[in-house]
file input-v6.cif (mmCIF, N, CA and C atoms and all ligand atoms)
data_coords
loop_
_atom_site.group_PDB
_atom_site.id
_atom_site.type_symbol
_atom_site.label_atom_id
_atom_site.label_comp_id
_atom_site.auth_asym_id
_atom_site.auth_seq_id
_atom_site.Cartn_x
_atom_site.Cartn_y
_atom_site.Cartn_z
ATOM 1 N N MET A 3 -23.457 16.467 26.143
ATOM 2 C CA MET A 3 -22.396 17.457 25.939
ATOM 3 C C MET A 3 -21.588 17.120 24.685
ATOM 4 N N ARG A 4 -21.125 18.143 24.054
ATOM 5 C CA ARG A 4 -20.291 17.916 22.889
ATOM 6 C C ARG A 4 -18.886 17.558 23.340
ATOM 7 N N PRO A 5 -18.237 16.701 22.637
ATOM 8 C CA PRO A 5 -16.831 16.438 22.965
ATOM 9 C C PRO A 5 -15.968 17.606 22.516
ATOM 10 N N ILE A 6 -15.119 18.051 23.406
ATOM 11 C CA ILE A 6 -14.248 19.178 23.069
ATOM 12 C C ILE A 6 -12.826 18.820 23.474
ATOM 13 N N LYS A 7 -11.939 18.969 22.553
ATOM 14 C CA LYS A 7 -10.536 18.744 22.878
ATOM 15 C C LYS A 7 -9.982 20.030 23.449
ATOM 16 N N LEU A 8 -9.785 20.028 24.730
ATOM 17 C CA LEU A 8 -9.512 21.281 25.419
ATOM 18 C C LEU A 8 -8.145 21.857 25.115
ATOM 19 N N ASP A 9 -7.206 21.013 24.841
ATOM 20 C CA ASP A 9 -5.866 21.570 24.643
ATOM 21 C C ASP A 9 -5.533 21.718 23.169
ATOM 22 N N LYS A 10 -6.560 21.616 22.351
ATOM 23 C CA LYS A 10 -6.318 21.832 20.923
ATOM 24 C C LYS A 10 -7.183 22.981 20.430
ATOM 25 N N ASN A 11 -6.554 23.884 19.754
ATOM 26 C CA ASN A 11 -7.314 24.991 19.190
ATOM 27 C C ASN A 11 -7.662 24.697 17.749
ATOM 28 N N PRO A 12 -8.801 25.129 17.343
ATOM 29 C CA PRO A 12 -9.207 24.881 15.951
ATOM 30 C C PRO A 12 -8.523 25.855 15.007
ATOM 31 N N TYR A 13 -7.251 25.596 14.778
ATOM 32 C CA TYR A 13 -6.535 26.483 13.880
ATOM 33 C C TYR A 13 -6.978 26.251 12.454
ATOM 34 N N LEU A 14 -7.650 27.186 11.959
ATOM 35 C CA LEU A 14 -8.143 27.068 10.599
ATOM 36 C C LEU A 14 -7.163 27.755 9.664
ATOM 37 N N LEU A 15 -7.215 27.304 8.436
ATOM 38 C CA LEU A 15 -6.324 27.906 7.451
ATOM 39 C C LEU A 15 -6.543 29.400 7.336
ATOM 40 N N GLU A 16 -7.780 29.803 7.408
ATOM 41 C CA GLU A 16 -8.060 31.231 7.257
ATOM 42 C C GLU A 16 -7.543 32.059 8.434
ATOM 43 N N ASN A 17 -7.188 31.370 9.513
ATOM 44 C CA ASN A 17 -6.616 32.090 10.651
ATOM 45 C C ASN A 17 -5.092 32.149 10.590
ATOM 46 N N LYS A 18 -4.557 31.600 9.545
ATOM 47 C CA LYS A 18 -3.113 31.453 9.498
ATOM 48 C C LYS A 18 -2.394 32.799 9.616
ATOM 49 N N ASP A 19 -2.879 33.769 8.886
ATOM 50 C CA ASP A 19 -2.248 35.084 8.941
ATOM 51 C C ASP A 19 -2.284 35.647 10.339
ATOM 52 N N TYR A 20 -3.407 35.438 10.947
ATOM 53 C CA TYR A 20 -3.590 35.917 12.317
ATOM 54 C C TYR A 20 -2.516 35.345 13.237
ATOM 55 N N PHE A 21 -2.282 34.055 13.101
ATOM 56 C CA PHE A 21 -1.295 33.441 13.979
ATOM 57 C C PHE A 21 0.125 33.740 13.536
ATOM 58 N N GLU A 22 0.301 33.945 12.265
ATOM 59 C CA GLU A 22 1.619 34.348 11.794
ATOM 60 C C GLU A 22 2.035 35.646 12.481
ATOM 61 N N LYS A 23 1.082 36.540 12.604
ATOM 62 C CA LYS A 23 1.357 37.839 13.213
ATOM 63 C C LYS A 23 1.783 37.684 14.659
ATOM 64 N N ARG A 24 1.381 36.614 15.260
ATOM 65 C CA ARG A 24 1.667 36.421 16.669
ATOM 66 C C ARG A 24 2.738 35.362 16.876
ATOM 67 N N LYS A 25 3.652 35.350 15.975
ATOM 68 C CA LYS A 25 4.688 34.324 15.998
ATOM 69 C C LYS A 25 5.489 34.350 17.295
ATOM 70 N N GLU A 26 5.593 35.505 17.876
ATOM 71 C CA GLU A 26 6.399 35.619 19.084
ATOM 72 C C GLU A 26 5.896 34.709 20.201
ATOM 73 N N LEU A 27 4.663 34.329 20.090
ATOM 74 C CA LEU A 27 4.111 33.437 21.105
ATOM 75 C C LEU A 27 4.573 32.004 20.932
ATOM 76 N N ARG A 28 5.097 31.714 19.779
ATOM 77 C CA ARG A 28 5.565 30.379 19.443
ATOM 78 C C ARG A 28 4.427 29.362 19.438
ATOM 79 N N SER A 29 3.763 29.249 20.530
ATOM 80 C CA SER A 29 2.708 28.247 20.620
ATOM 81 C C SER A 29 1.552 28.800 21.418
ATOM 82 N N ALA A 30 0.422 28.917 20.769
ATOM 83 C CA ALA A 30 -0.736 29.470 21.463
ATOM 84 C C ALA A 30 -1.187 28.557 22.586
ATOM 85 N N SER A 31 -1.025 27.263 22.397
ATOM 86 C CA SER A 31 -1.473 26.362 23.459
ATOM 87 C C SER A 31 -0.568 26.484 24.668
ATOM 88 N N LYS A 32 0.708 26.725 24.434
ATOM 89 C CA LYS A 32 1.620 26.940 25.549
ATOM 90 C C LYS A 32 1.252 28.245 26.261
ATOM 91 N N PHE A 33 0.975 29.249 25.479
ATOM 92 C CA PHE A 33 0.556 30.521 26.027
ATOM 93 C C PHE A 33 -0.686 30.329 26.899
ATOM 94 N N ARG A 34 -1.617 29.583 26.373
ATOM 95 C CA ARG A 34 -2.835 29.318 27.133
ATOM 96 C C ARG A 34 -2.539 28.611 28.446
ATOM 97 N N SER A 35 -1.675 27.613 28.376
ATOM 98 C CA SER A 35 -1.419 26.856 29.606
ATOM 99 C C SER A 35 -0.759 27.745 30.657
ATOM 100 N N ILE A 36 0.050 28.689 30.208
ATOM 101 C CA ILE A 36 0.651 29.640 31.152
ATOM 102 C C ILE A 36 -0.438 30.503 31.788
ATOM 103 N N ILE A 37 -1.336 30.984 30.946
ATOM 104 C CA ILE A 37 -2.446 31.803 31.437
ATOM 105 C C ILE A 37 -3.293 31.013 32.433
ATOM 106 N N TYR A 38 -3.600 29.791 32.057
ATOM 107 C CA TYR A 38 -4.440 28.975 32.938
ATOM 108 C C TYR A 38 -3.778 28.803 34.295
ATOM 109 N N ARG A 39 -2.483 28.565 34.249
ATOM 110 C CA ARG A 39 -1.767 28.335 35.498
ATOM 111 C C ARG A 39 -1.776 29.604 36.370
ATOM 112 N N ARG A 40 -1.625 30.736 35.733
ATOM 113 C CA ARG A 40 -1.627 31.994 36.488
ATOM 114 C C ARG A 40 -2.934 32.158 37.253
ATOM 115 N N PHE A 41 -3.996 31.625 36.685
ATOM 116 C CA PHE A 41 -5.308 31.767 37.313
ATOM 117 C C PHE A 41 -5.754 30.470 37.980
ATOM 118 N N GLU A 42 -4.762 29.595 38.210
ATOM 119 C CA GLU A 42 -5.000 28.339 38.916
ATOM 120 C C GLU A 42 -6.118 27.514 38.285
ATOM 121 N N HIS A 43 -6.198 27.615 36.983
ATOM 122 C CA HIS A 43 -7.174 26.836 36.211
ATOM 123 C C HIS A 43 -8.610 27.109 36.650
ATOM 124 N N LYS A 44 -8.833 28.328 37.124
ATOM 125 C CA LYS A 44 -10.184 28.714 37.528
ATOM 126 C C LYS A 44 -10.687 29.816 36.597
ATOM 127 N N CYS A 45 -11.959 29.753 36.332
ATOM 128 C CA CYS A 45 -12.606 30.818 35.571
ATOM 129 C C CYS A 45 -12.759 32.028 36.490
ATOM 130 N N ILE A 46 -12.410 33.203 35.994
ATOM 131 C CA ILE A 46 -12.434 34.382 36.839
ATOM 132 C C ILE A 46 -13.853 34.898 37.065
ATOM 133 N N VAL A 47 -14.791 34.398 36.321
ATOM 134 C CA VAL A 47 -16.168 34.858 36.488
ATOM 135 C C VAL A 47 -16.940 33.968 37.463
ATOM 136 N N CYS A 48 -16.936 32.670 37.182
ATOM 137 C CA CYS A 48 -17.745 31.768 38.009
ATOM 138 C C CYS A 48 -16.914 31.027 39.050
ATOM 139 N N ASN A 49 -15.583 31.175 38.958
ATOM 140 C CA ASN A 49 -14.674 30.569 39.924
ATOM 141 C C ASN A 49 -14.715 29.040 39.925
ATOM 142 N N GLN A 50 -15.136 28.485 38.829
ATOM 143 C CA GLN A 50 -15.109 27.026 38.715
ATOM 144 C C GLN A 50 -13.951 26.603 37.818
ATOM 145 N N GLU A 51 -13.732 25.312 37.787
ATOM 146 C CA GLU A 51 -12.663 24.777 36.948
ATOM 147 C C GLU A 51 -12.822 25.260 35.514
ATOM 148 N N LEU A 52 -11.710 25.708 34.952
ATOM 149 C CA LEU A 52 -11.767 26.118 33.549
ATOM 150 C C LEU A 52 -12.086 24.932 32.659
ATOM 151 N N GLN A 53 -11.377 23.854 32.897
ATOM 152 C CA GLN A 53 -11.492 22.705 31.997
ATOM 153 C C GLN A 53 -12.615 21.771 32.432
ATOM 154 N N ASN A 54 -13.794 22.308 32.445
ATOM 155 C CA ASN A 54 -14.954 21.511 32.844
ATOM 156 C C ASN A 54 -15.769 21.070 31.632
ATOM 157 N N GLY A 55 -15.185 21.216 30.475
ATOM 158 C CA GLY A 55 -15.872 20.783 29.269
ATOM 159 C C GLY A 55 -16.449 21.931 28.468
ATOM 160 N N GLU A 56 -16.477 23.124 29.076
ATOM 161 C CA GLU A 56 -16.969 24.279 28.333
ATOM 162 C C GLU A 56 -15.844 24.889 27.513
ATOM 163 N N PRO A 57 -16.199 25.531 26.419
ATOM 164 C CA PRO A 57 -15.173 26.241 25.655
ATOM 165 C C PRO A 57 -14.542 27.332 26.517
ATOM 166 N N ILE A 58 -13.251 27.521 26.332
ATOM 167 C CA ILE A 58 -12.522 28.515 27.120
ATOM 168 C C ILE A 58 -12.070 29.634 26.195
ATOM 169 N N GLU A 59 -12.254 30.850 26.653
ATOM 170 C CA GLU A 59 -11.787 31.989 25.875
ATOM 171 C C GLU A 59 -10.807 32.792 26.711
ATOM 172 N N LEU A 60 -10.015 33.583 26.009
ATOM 173 C CA LEU A 60 -9.070 34.462 26.687
ATOM 174 C C LEU A 60 -9.551 35.894 26.513
ATOM 175 N N ASP A 61 -9.544 36.603 27.610
ATOM 176 C CA ASP A 61 -10.100 37.950 27.606
ATOM 177 C C ASP A 61 -9.021 38.957 27.973
ATOM 178 N N HIS A 62 -9.074 40.110 27.375
ATOM 179 C CA HIS A 62 -8.194 41.205 27.776
ATOM 180 C C HIS A 62 -8.710 41.809 29.074
ATOM 181 N N ILE A 63 -7.850 41.923 30.051
ATOM 182 C CA ILE A 63 -8.243 42.574 31.299
ATOM 183 C C ILE A 63 -8.459 44.064 31.027
ATOM 184 N N ILE A 64 -7.462 44.675 30.428
ATOM 185 C CA ILE A 64 -7.644 46.037 29.917
ATOM 186 C C ILE A 64 -8.009 45.902 28.453
ATOM 187 N N PRO A 65 -9.184 46.362 28.068
ATOM 188 C CA PRO A 65 -9.613 46.178 26.677
ATOM 189 C C PRO A 65 -8.633 46.798 25.695
ATOM 190 N N LYS A 66 -8.551 46.173 24.537
ATOM 191 C CA LYS A 66 -7.644 46.694 23.520
ATOM 192 C C LYS A 66 -7.935 48.147 23.199
ATOM 193 N N LYS A 67 -9.210 48.479 23.196
ATOM 194 C CA LYS A 67 -9.568 49.853 22.846
ATOM 195 C C LYS A 67 -9.076 50.857 23.888
ATOM 196 N N ASP A 68 -8.788 50.343 25.093
ATOM 197 C CA ASP A 68 -8.245 51.213 26.134
ATOM 198 C C ASP A 68 -6.735 51.065 26.258
ATOM 199 N N GLY A 69 -6.143 50.468 25.266
ATOM 200 C CA GLY A 69 -4.690 50.361 25.263
ATOM 201 C C GLY A 69 -4.158 49.052 25.805
ATOM 202 N N GLY A 70 -5.039 48.117 26.104
ATOM 203 C CA GLY A 70 -4.595 46.819 26.602
ATOM 204 C C GLY A 70 -3.824 46.060 25.537
ATOM 205 N N THR A 71 -2.873 45.286 25.978
ATOM 206 C CA THR A 71 -2.034 44.563 25.033
ATOM 207 C C THR A 71 -2.228 43.061 25.177
ATOM 208 N N TYR A 72 -1.661 42.376 24.211
ATOM 209 C CA TYR A 72 -1.698 40.922 24.233
ATOM 210 C C TYR A 72 -0.486 40.431 25.018
ATOM 211 N N ALA A 73 -0.480 40.770 26.277
ATOM 212 C CA ALA A 73 0.604 40.337 27.155
ATOM 213 C C ALA A 73 0.007 39.418 28.203
ATOM 214 N N ILE A 74 0.818 38.516 28.680
ATOM 215 C CA ILE A 74 0.319 37.547 29.660
ATOM 216 C C ILE A 74 -0.343 38.253 30.836
ATOM 217 N N GLU A 75 0.224 39.364 31.229
ATOM 218 C CA GLU A 75 -0.310 40.081 32.387
ATOM 219 C C GLU A 75 -1.695 40.672 32.119
ATOM 220 N N ASN A 76 -2.034 40.773 30.861
ATOM 221 C CA ASN A 76 -3.303 41.416 30.512
ATOM 222 C C ASN A 76 -4.350 40.434 29.994
ATOM 223 N N ILE A 77 -4.076 39.174 30.179
ATOM 224 C CA ILE A 77 -4.994 38.162 29.653
ATOM 225 C C ILE A 77 -5.534 37.326 30.801
ATOM 226 N N ARG A 78 -6.810 37.065 30.745
ATOM 227 C CA ARG A 78 -7.401 36.177 31.742
ATOM 228 C C ARG A 78 -8.290 35.156 31.032
ATOM 229 N N PRO A 79 -8.319 33.964 31.587
ATOM 230 C CA PRO A 79 -9.109 32.910 30.969
ATOM 231 C C PRO A 79 -10.494 32.837 31.572
ATOM 232 N N LEU A 80 -11.441 32.512 30.764
ATOM 233 C CA LEU A 80 -12.793 32.347 31.282
ATOM 234 C C LEU A 80 -13.616 31.512 30.324
ATOM 235 N N HIS A 81 -14.693 30.979 30.820
ATOM 236 C CA HIS A 81 -15.541 30.169 29.966
ATOM 237 C C HIS A 81 -16.179 31.044 28.900
ATOM 238 N N GLN A 82 -16.446 30.419 27.788
ATOM 239 C CA GLN A 82 -17.079 31.172 26.709
ATOM 240 C C GLN A 82 -18.364 31.848 27.191
ATOM 241 N N GLU A 83 -19.136 31.095 27.907
ATOM 242 C CA GLU A 83 -20.413 31.643 28.379
ATOM 243 C C GLU A 83 -20.177 32.775 29.385
ATOM 244 N N CYS A 84 -19.193 32.597 30.251
ATOM 245 C CA CYS A 84 -18.877 33.638 31.227
ATOM 246 C C CYS A 84 -18.346 34.884 30.526
ATOM 247 N N HIS A 85 -17.574 34.656 29.494
ATOM 248 C CA HIS A 85 -17.048 35.763 28.718
ATOM 249 C C HIS A 85 -18.188 36.578 28.116
ATOM 250 N N ARG A 86 -19.147 35.852 27.592
ATOM 251 C CA ARG A 86 -20.310 36.531 27.015
ATOM 252 C C ARG A 86 -21.036 37.350 28.068
ATOM 253 N N LYS A 87 -21.140 36.757 29.230
ATOM 254 C CA LYS A 87 -21.863 37.454 30.292
ATOM 255 C C LYS A 87 -21.214 38.786 30.621
ATOM 256 N N ILE A 88 -19.883 38.773 30.773
ATOM 257 C CA ILE A 88 -19.254 40.037 31.145
ATOM 258 C C ILE A 88 -19.125 40.961 29.946
ATOM 259 N N THR A 89 -19.013 40.377 28.761
ATOM 260 C CA THR A 89 -18.885 41.224 27.575
ATOM 261 C C THR A 89 -20.172 41.984 27.305
ATOM 262 N N TYR A 90 -21.245 41.291 27.425
ATOM 263 C CA TYR A 90 -22.521 41.929 27.104
ATOM 264 C C TYR A 90 -23.290 42.343 28.354
ATOM 265 N N SER A 91 -22.704 42.024 29.514
ATOM 266 C CA SER A 91 -23.356 42.350 30.778
ATOM 267 C C SER A 91 -24.792 41.841 30.838
ATOM 268 N N VAL A 92 -24.966 40.686 30.276
ATOM 269 C CA VAL A 92 -26.284 40.072 30.318
ATOM 270 C C VAL A 92 -26.153 38.797 31.148
ATOM 271 N N TRP A 93 -26.669 38.821 32.326
ATOM 272 C CA TRP A 93 -26.502 37.687 33.217
ATOM 273 C C TRP A 93 -27.691 36.756 33.073
ATOM 274 N N LYS A 94 -27.628 36.003 32.030
ATOM 275 C CA LYS A 94 -28.724 35.090 31.741
ATOM 276 C C LYS A 94 -28.558 33.798 32.539
ATOM 277 N N GLN A 95 -29.648 33.155 32.761
ATOM 278 C CA GLN A 95 -29.621 31.884 33.462
ATOM 279 C C GLN A 95 -29.222 30.740 32.544
ATOM 280 N N GLU A 96 -29.668 30.811 31.330
ATOM 281 C CA GLU A 96 -29.461 29.685 30.447
ATOM 282 C C GLU A 96 -28.396 29.978 29.409
ATOM 283 N N PRO A 97 -27.497 29.039 29.241
ATOM 284 C CA PRO A 97 -26.507 29.240 28.179
ATOM 285 C C PRO A 97 -27.200 29.236 26.830
ATOM 286 N N ASP A 98 -26.770 30.142 26.013
ATOM 287 C CA ASP A 98 -27.439 30.227 24.717
ATOM 288 C C ASP A 98 -26.457 30.135 23.560
ATOM 289 N N TYR A 99 -25.228 29.720 23.895
ATOM 290 C CA TYR A 99 -24.306 29.573 22.783
ATOM 291 C C TYR A 99 -24.622 28.307 22.018
ATOM 292 N N GLN A 100 -24.480 28.382 20.759
ATOM 293 C CA GLN A 100 -24.810 27.254 19.895
ATOM 294 C C GLN A 100 -23.652 26.926 18.966
ATOM 295 N N SER A 101 -22.892 27.936 18.665
ATOM 296 C CA SER A 101 -21.999 27.800 17.533
ATOM 297 C C SER A 101 -20.595 27.420 17.947
ATOM 298 N N GLU A 102 -20.064 26.411 17.308
ATOM 299 C CA GLU A 102 -18.668 26.040 17.512
ATOM 300 C C GLU A 102 -17.751 27.139 16.982
ATOM 301 N N ASP A 103 -18.283 27.950 16.108
ATOM 302 C CA ASP A 103 -17.469 29.018 15.531
ATOM 303 C C ASP A 103 -17.021 30.021 16.571
ATOM 304 N N MET A 104 -17.706 30.034 17.670
ATOM 305 C CA MET A 104 -17.351 30.992 18.715
ATOM 306 C C MET A 104 -16.082 30.592 19.453
ATOM 307 N N ILE A 105 -15.664 29.355 19.292
ATOM 308 C CA ILE A 105 -14.469 28.909 20.003
ATOM 309 C C ILE A 105 -13.242 29.448 19.314
ATOM 310 N N ASP A 106 -12.781 30.537 19.829
ATOM 311 C CA ASP A 106 -11.612 31.156 19.237
ATOM 312 C C ASP A 106 -11.143 32.254 20.168
ATOM 313 N N GLU A 107 -9.924 32.624 20.018
ATOM 314 C CA GLU A 107 -9.460 33.776 20.770
ATOM 315 C C GLU A 107 -10.207 35.005 20.289
ATOM 316 N N GLN A 108 -10.435 35.896 21.218
ATOM 317 C CA GLN A 108 -11.220 37.086 20.870
ATOM 318 C C GLN A 108 -10.321 38.303 20.789
ATOM 319 N N PHE A 109 -9.202 38.158 20.134
ATOM 320 C CA PHE A 109 -8.248 39.262 20.143
ATOM 321 C C PHE A 109 -8.312 40.131 18.901
ATOM 322 N N VAL A 110 -9.010 39.667 17.923
ATOM 323 C CA VAL A 110 -8.912 40.348 16.629
ATOM 324 C C VAL A 110 -9.524 41.737 16.704
HETATM 325 ZN ZN ZN B 201 -16.890 30.467 34.112
#
call {"tool": "encode", "arguments": {"input": "input-v6.cif", "output": "structure tokens", "more": "lines below"}}
Ligand SMILES: [Zn+2]
result
Amino acid sequence: MRPIKLDKNPYLLENKDYFEKRKELRSASKFRSIIYRRFEHKCIVCNQELQNGEPIELDHIIPKKDGGTYAIENIRPLHQECHRKITYSVWKQEPDYQSEDMIDEQFV
């Protein structure tokens, strides 16, 4: 398994504008911890521990295209692989993620 620092986000310089826009959150990691707590640190798809070493993503419960907002009430945490499963509705047996680049919030 790859080592992953679960409570650190890979804030890249090129994402700076993105996070500037979301200044009201003050701290994305704090925001995440609130979200995790709301869901009792369980993935909503597989119902296992969120922090089991897999990348964690935040998903809009109501999709942005349907008017969903970036509010705590509209965000749920799930494993990257689980997120892919529900996003693409492809229930594969084998994880096929390869890229560290995928570890990011999917709000853009
Ligand atoms: Zn999961």
call {"tool": "closest_atom_pairs", "arguments": {"input": "input-v6.cif", "of": "chain A", "to": "ligand ZN 201 (chain B)", "cutoff": "8 Å", "atoms": "only C-alpha atoms and all ligand atoms", "output": "tab-separated table"}}
result
residue	atom	partner	partner_atom	distance
A:Lys44	CA	B:ZN201	ZN	7.7
A:Cys45	CA	B:ZN201	ZN	4.5
A:Ile46	CA	B:ZN201	ZN	6.5
A:Val47	CA	B:ZN201	ZN	5.0
A:Cys48	CA	B:ZN201	ZN	4.2
A:Asn49	CA	B:ZN201	ZN	6.2
A:Gln50	CA	B:ZN201	ZN	6.0
A:Glu51	CA	B:ZN201	ZN	7.6
A:Leu52	CA	B:ZN201	ZN	6.7
A:Leu80	CA	B:ZN201	ZN	5.3
A:His81	CA	B:ZN201	ZN	4.4
A:Gln82	CA	B:ZN201	ZN	7.4
A:Glu83	CA	B:ZN201	ZN	6.8
A:Cys84	CA	B:ZN201	ZN	4.7
A:His85	CA	B:ZN201	ZN	7.6
call {"tool": "write_last_selection", "arguments": {"input": "input-v6.cif", "atoms": "N, CA and C atoms", "output": "PDB file, in the coordinates of the input"}}
result
ATOM      1  N   LYS A  44      -8.833  28.328  37.124  1.00  0.00           N
ATOM      2  CA  LYS A  44     -10.184  28.714  37.528  1.00  0.00           C
ATOM      3  C   LYS A  44     -10.687  29.816  36.597  1.00  0.00           C
ATOM      4  N   CYS A  45     -11.959  29.753  36.332  1.00  0.00           N
ATOM      5  CA  CYS A  45     -12.606  30.818  35.571  1.00  0.00           C
ATOM      6  C   CYS A  45     -12.759  32.028  36.490  1.00  0.00           C
ATOM      7  N   ILE A  46     -12.410  33.203  35.994  1.00  0.00           N
ATOM      8  CA  ILE A  46     -12.434  34.382  36.839  1.00  0.00           C
ATOM      9  C   ILE A  46     -13.853  34.898  37.065  1.00  0.00           C
ATOM     10  N   VAL A  47     -14.791  34.398  36.321  1.00  0.00           N
ATOM     11  CA  VAL A  47     -16.168  34.858  36.488  1.00  0.00           C
ATOM     12  C   VAL A  47     -16.940  33.968  37.463  1.00  0.00           C
ATOM     13  N   CYS A  48     -16.936  32.670  37.182  1.00  0.00           N
ATOM     14  CA  CYS A  48     -17.745  31.768  38.009  1.00  0.00           C
ATOM     15  C   CYS A  48     -16.914  31.027  39.050  1.00  0.00           C
ATOM     16  N   ASN A  49     -15.583  31.175  38.958  1.00  0.00           N
ATOM     17  CA  ASN A  49     -14.674  30.569  39.924  1.00  0.00           C
ATOM     18  C   ASN A  49     -14.715  29.040  39.925  1.00  0.00           C
ATOM     19  N   GLN A  50     -15.136  28.485  38.829  1.00  0.00           N
ATOM     20  CA  GLN A  50     -15.109  27.026  38.715  1.00  0.00           C
ATOM     21  C   GLN A  50     -13.951  26.603  37.818  1.00  0.00           C
ATOM     22  N   GLU A  51     -13.732  25.312  37.787  1.00  0.00           N
ATOM     23  CA  GLU A  51     -12.663  24.777  36.948  1.00  0.00           C
ATOM     24  C   GLU A  51     -12.822  25.260  35.514  1.00  0.00           C
ATOM     25  N   LEU A  52     -11.710  25.708  34.952  1.00  0.00           N
ATOM     26  CA  LEU A  52     -11.767  26.118  33.549  1.00  0.00           C
ATOM     27  C   LEU A  52     -12.086  24.932  32.659  1.00  0.00           C
ATOM     28  N   LEU A  80     -11.441  32.512  30.764  1.00  0.00           N
ATOM     29  CA  LEU A  80     -12.793  32.347  31.282  1.00  0.00           C
ATOM     30  C   LEU A  80     -13.616  31.512  30.324  1.00  0.00           C
ATOM     31  N   HIS A  81     -14.693  30.979  30.820  1.00  0.00           N
ATOM     32  CA  HIS A  81     -15.541  30.169  29.966  1.00  0.00           C
ATOM     33  C   HIS A  81     -16.179  31.044  28.900  1.00  0.00           C
ATOM     34  N   GLN A  82     -16.446  30.419  27.788  1.00  0.00           N
ATOM     35  CA  GLN A  82     -17.079  31.172  26.709  1.00  0.00           C
ATOM     36  C   GLN A  82     -18.364  31.848  27.191  1.00  0.00           C
ATOM     37  N   GLU A  83     -19.136  31.095  27.907  1.00  0.00           N
ATOM     38  CA  GLU A  83     -20.413  31.643  28.379  1.00  0.00           C
ATOM     39  C   GLU A  83     -20.177  32.775  29.385  1.00  0.00           C
ATOM     40  N   CYS A  84     -19.193  32.597  30.251  1.00  0.00           N
ATOM     41  CA  CYS A  84     -18.877  33.638  31.227  1.00  0.00           C
ATOM     42  C   CYS A  84     -18.346  34.884  30.526  1.00  0.00           C
ATOM     43  N   HIS A  85     -17.574  34.656  29.494  1.00  0.00           N
ATOM     44  CA  HIS A  85     -17.048  35.763  28.718  1.00  0.00           C
ATOM     45  C   HIS A  85     -18.188  36.578  28.116  1.00  0.00           C
TER      46      HIS A  85
END
call {"tool": "residues_around", "arguments": {"input": "input-v6.cif", "residues": "A:Ile37", "least_positions_apart": "4", "cutoff": "8 Å", "atoms": "all atoms listed in the file", "output": "NGL selection string"}}
result
:A and (31-33 or 41-44 or 74 or 77-79)
call {"tool": "atom_distance", "arguments": {"input": "input-v6.cif", "atom1": "atom C of A:Ile36", "atom2": "atom CA of A:Glu75"}}
result
9.6 Å
call {"tool": "select_by_dssp", "arguments": {"input": "input-v6.cif", "residues": "stretch 27-96 of chain A", "states": "alpha helix (DSSP H)", "output": "list of chain:residue names"}}
result
A:Ala30, A:Ser31, A:Lys32, A:Phe33, A:Arg34, A:Ser35, A:Ile36, A:Ile37, A:Tyr38, A:Arg39, A:Arg40, A:Gln82, A:Glu83, A:Cys84, A:His85, A:Arg86, A:Lys87, A:Ile88, A:Thr89, A:Tyr90
call {"tool": "atom_distance", "arguments": {"input": "input-v6.cif", "atom1": "atom C of A:Arg39", "atom2": "atom C of A:Tyr90"}}
result
26.3 Å
